[in-house]
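For reference, model-v2.txt (compact mmCIF, N, CA and C atoms and all ligand atoms):
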```
# COMPACT_ATOMS: atom_id res chain seq x y z
N MET A 1 3.08 12.84 17.60
CA MET A 1 3.71 11.95 16.63
C MET A 1 4.72 11.03 17.32
N ASN A 2 4.70 9.80 16.96
CA ASN A 2 5.70 8.86 17.44
C ASN A 2 6.78 8.73 16.38
N ARG A 3 7.80 9.50 16.54
CA ARG A 3 8.85 9.50 15.52
C ARG A 3 9.52 8.14 15.47
N GLY A 4 9.76 7.67 14.27
CA GLY A 4 10.43 6.40 14.10
C GLY A 4 9.50 5.21 14.16
N ARG A 5 8.23 5.46 14.47
CA ARG A 5 7.29 4.35 14.50
C ARG A 5 6.70 4.19 13.10
N LYS A 6 6.72 2.98 12.61
CA LYS A 6 6.25 2.75 11.25
C LYS A 6 4.83 2.21 11.26
N GLU A 7 4.07 2.69 10.30
CA GLU A 7 2.69 2.24 10.18
C GLU A 7 2.53 1.35 8.97
N PRO A 8 1.99 0.16 9.16
CA PRO A 8 1.75 -0.69 8.01
C PRO A 8 0.51 -0.23 7.25
N VAL A 9 0.65 -0.15 5.95
CA VAL A 9 -0.49 0.15 5.10
C VAL A 9 -0.46 -0.83 3.93
N GLN A 10 -1.62 -1.05 3.38
CA GLN A 10 -1.69 -1.93 2.21
C GLN A 10 -1.69 -1.07 0.96
N VAL A 11 -0.86 -1.44 0.02
CA VAL A 11 -0.86 -0.75 -1.27
C VAL A 11 -1.32 -1.72 -2.34
N VAL A 12 -1.93 -1.15 -3.36
CA VAL A 12 -2.49 -1.97 -4.42
C VAL A 12 -2.09 -1.40 -5.77
N CYS A 13 -1.81 -2.28 -6.69
CA CYS A 13 -1.53 -1.86 -8.06
C CYS A 13 -2.86 -1.62 -8.77
N PRO A 14 -3.06 -0.42 -9.33
CA PRO A 14 -4.34 -0.14 -9.99
C PRO A 14 -4.50 -0.88 -11.31
N LYS A 15 -3.41 -1.45 -11.77
CA LYS A 15 -3.44 -2.11 -13.07
C LYS A 15 -3.72 -3.60 -12.98
N CYS A 16 -2.95 -4.27 -12.11
CA CYS A 16 -3.10 -5.73 -12.04
C CYS A 16 -3.62 -6.20 -10.68
N ARG A 17 -3.89 -5.25 -9.77
CA ARG A 17 -4.48 -5.54 -8.46
C ARG A 17 -3.54 -6.29 -7.53
N PHE A 18 -2.27 -6.32 -7.84
CA PHE A 18 -1.29 -6.88 -6.92
C PHE A 18 -1.28 -6.03 -5.65
N THR A 19 -1.28 -6.67 -4.50
CA THR A 19 -1.25 -5.92 -3.25
C THR A 19 -0.07 -6.36 -2.41
N GLU A 20 0.41 -5.42 -1.60
CA GLU A 20 1.41 -5.78 -0.62
C GLU A 20 1.33 -4.80 0.54
N ILE A 21 1.95 -5.19 1.64
CA ILE A 21 1.99 -4.34 2.83
C ILE A 21 3.32 -3.61 2.85
N VAL A 22 3.24 -2.30 3.04
CA VAL A 22 4.45 -1.50 3.21
C VAL A 22 4.33 -0.74 4.52
N TYR A 23 5.43 -0.20 4.95
CA TYR A 23 5.46 0.50 6.23
C TYR A 23 5.78 1.97 6.02
N LEU A 24 4.85 2.83 6.45
CA LEU A 24 5.05 4.26 6.37
C LEU A 24 5.68 4.75 7.67
N PRO A 25 6.36 5.90 7.70
CA PRO A 25 6.60 6.72 6.52
C PRO A 25 7.71 6.15 5.64
N MET A 26 7.57 6.38 4.38
CA MET A 26 8.61 6.00 3.44
C MET A 26 8.73 7.09 2.39
N GLU A 27 9.83 7.08 1.68
CA GLU A 27 10.11 8.18 0.75
C GLU A 27 9.10 8.21 -0.40
N ASP A 28 8.83 7.05 -0.93
CA ASP A 28 7.92 6.97 -2.07
C ASP A 28 7.14 5.68 -1.99
N LEU A 29 5.98 5.67 -2.55
CA LEU A 29 5.25 4.42 -2.67
C LEU A 29 5.98 3.52 -3.67
N PRO A 30 5.93 2.24 -3.41
CA PRO A 30 6.64 1.31 -4.29
C PRO A 30 5.97 1.16 -5.64
N ARG A 31 6.71 0.66 -6.56
CA ARG A 31 6.14 0.27 -7.85
C ARG A 31 5.81 -1.21 -7.82
N CYS A 32 4.80 -1.53 -8.59
CA CYS A 32 4.37 -2.92 -8.66
C CYS A 32 5.49 -3.79 -9.22
N PRO A 33 5.81 -4.88 -8.53
CA PRO A 33 6.86 -5.77 -9.04
C PRO A 33 6.42 -6.54 -10.28
N GLU A 34 5.13 -6.55 -10.54
CA GLU A 34 4.62 -7.31 -11.67
C GLU A 34 4.63 -6.49 -12.96
N CYS A 35 4.23 -5.22 -12.85
CA CYS A 35 4.07 -4.42 -14.07
C CYS A 35 4.68 -3.02 -13.95
N ASN A 36 5.36 -2.75 -12.83
CA ASN A 36 6.09 -1.50 -12.66
C ASN A 36 5.20 -0.26 -12.64
N THR A 37 3.94 -0.45 -12.31
CA THR A 37 3.02 0.68 -12.16
C THR A 37 3.13 1.23 -10.74
N PRO A 38 3.15 2.54 -10.58
CA PRO A 38 3.15 3.09 -9.23
C PRO A 38 1.92 2.64 -8.46
N MET A 39 2.15 2.15 -7.25
CA MET A 39 1.06 1.59 -6.47
C MET A 39 0.37 2.66 -5.64
N LEU A 40 -0.86 2.39 -5.26
CA LEU A 40 -1.69 3.31 -4.51
C LEU A 40 -1.98 2.74 -3.13
N ILE A 41 -2.19 3.63 -2.18
CA ILE A 41 -2.59 3.17 -0.85
C ILE A 41 -4.04 2.69 -0.90
N GLN A 42 -4.25 1.49 -0.41
CA GLN A 42 -5.60 0.96 -0.32
C GLN A 42 -6.09 1.16 1.10
N GLU A 43 -7.26 1.72 1.23
CA GLU A 43 -7.81 1.96 2.56
C GLU A 43 -8.01 0.65 3.29
N LEU A 44 -7.67 0.66 4.57
CA LEU A 44 -7.81 -0.57 5.34
C LEU A 44 -9.28 -0.95 5.50
N LEU A 45 -10.13 0.07 5.61
CA LEU A 45 -11.57 -0.21 5.64
C LEU A 45 -12.07 -0.22 4.20
N ASP A 46 -12.03 -1.38 3.63
CA ASP A 46 -12.30 -1.53 2.21
C ASP A 46 -13.79 -1.73 1.97
N GLU A 47 -14.51 -0.60 1.97
CA GLU A 47 -15.95 -0.61 1.72
C GLU A 47 -16.70 -1.52 2.68
N GLY A 48 -16.14 -1.73 3.84
CA GLY A 48 -16.81 -2.52 4.85
C GLY A 48 -16.86 -4.00 4.58
N LYS A 49 -16.18 -4.42 3.53
CA LYS A 49 -16.21 -5.84 3.20
C LYS A 49 -15.11 -6.57 3.92
N SER A 50 -15.33 -7.82 4.18
CA SER A 50 -14.28 -8.65 4.73
C SER A 50 -13.72 -9.50 3.60
N TYR A 51 -12.51 -10.02 3.81
CA TYR A 51 -11.87 -10.76 2.74
C TYR A 51 -12.38 -12.17 2.64
ZN ZN B 1 0.77 -4.34 -11.31
```

Serialized structure, structure tokens:
Amino acid sequence: MNRGRKEPVQVVCPKCRFTEIVYLPMEDLPRCPECNTPMLIQELLDEGKSY
């Protein structure tokens, strides 16, 4: 483990699909700024699709 090293992950709101990048480790996943729904980690390999 590299202590103190932060990993960027993408989180997505399951309700309105708002996404943002956060850095782990963190205490809690953020809430969506749009609708205050707890956000989920979105896998970086998103079904093999490109954006
Ligand atoms: Zn939302």

How close does chain A get to ligand ZN 1 (chain B)? List, as CSV, each residue of chain A within 6 Å, its nearest atom pair and the distance in Å to one decimal, counting all atoms listed in the file.
```
residue,atom,partner,partner_atom,distance
A:Cys13,CA,B:ZN1,ZN,4.7
A:Pro14,N,B:ZN1,ZN,5.8
A:Lys15,C,B:ZN1,ZN,4.8
A:Cys16,N,B:ZN1,ZN,3.8
A:Arg17,N,B:ZN1,ZN,5.0
A:Phe18,N,B:ZN1,ZN,5.0
A:Cys32,CA,B:ZN1,ZN,4.7
A:Pro33,N,B:ZN1,ZN,5.8
A:Glu34,C,B:ZN1,ZN,4.7
A:Cys35,N,B:ZN1,ZN,3.9
A:Asn36,N,B:ZN1,ZN,5.1
A:Thr37,N,B:ZN1,ZN,5.1
```

Next item on the list: Could you check how far CA of Pro30 (chain A) sits from CA of Pro8 (chain A), in Å to one decimal?
Entry: 13.4 Å

Note to self: Using Å and a single decimal, report how far CA of Glu43 (chain A) sits from CA of Asp28 (chain A).
What the structure shows: 17.1 Å

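We find CA of Gly4 (chain A) and CA of Thr19 (chain A) to be spaced 24.3 Å apart.
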
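Polymer residues near (-5.3, 3.6, -1.6): counting only N, CA and C atoms with a cut-off of 6.5 Å, they are Gln10, Val11, Val12, Leu40, Ile41, Gln42 and Glu43 of chain A.
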
Notebook entry, point to check: Near Arg5 (chain A), counting only N, CA and C atoms, which residues have an atom at most 8 Å away, once you skip same-chain residues fewer than 5 positions from it, shown as a PyMOL selection string?
Noted result: chain A and resi 23-25

Report the centre and edge lengths, in Å to one decimal, of an axis-aligned box enclosing every atom of region 9-20 of chain A listed in the file, padded by 3 Å on each side, as JSON.
```
{"center_x": -1.5, "center_y": -3.4, "center_z": -3.6, "size_x": 11.9, "size_y": 13.0, "size_z": 25.0}
```
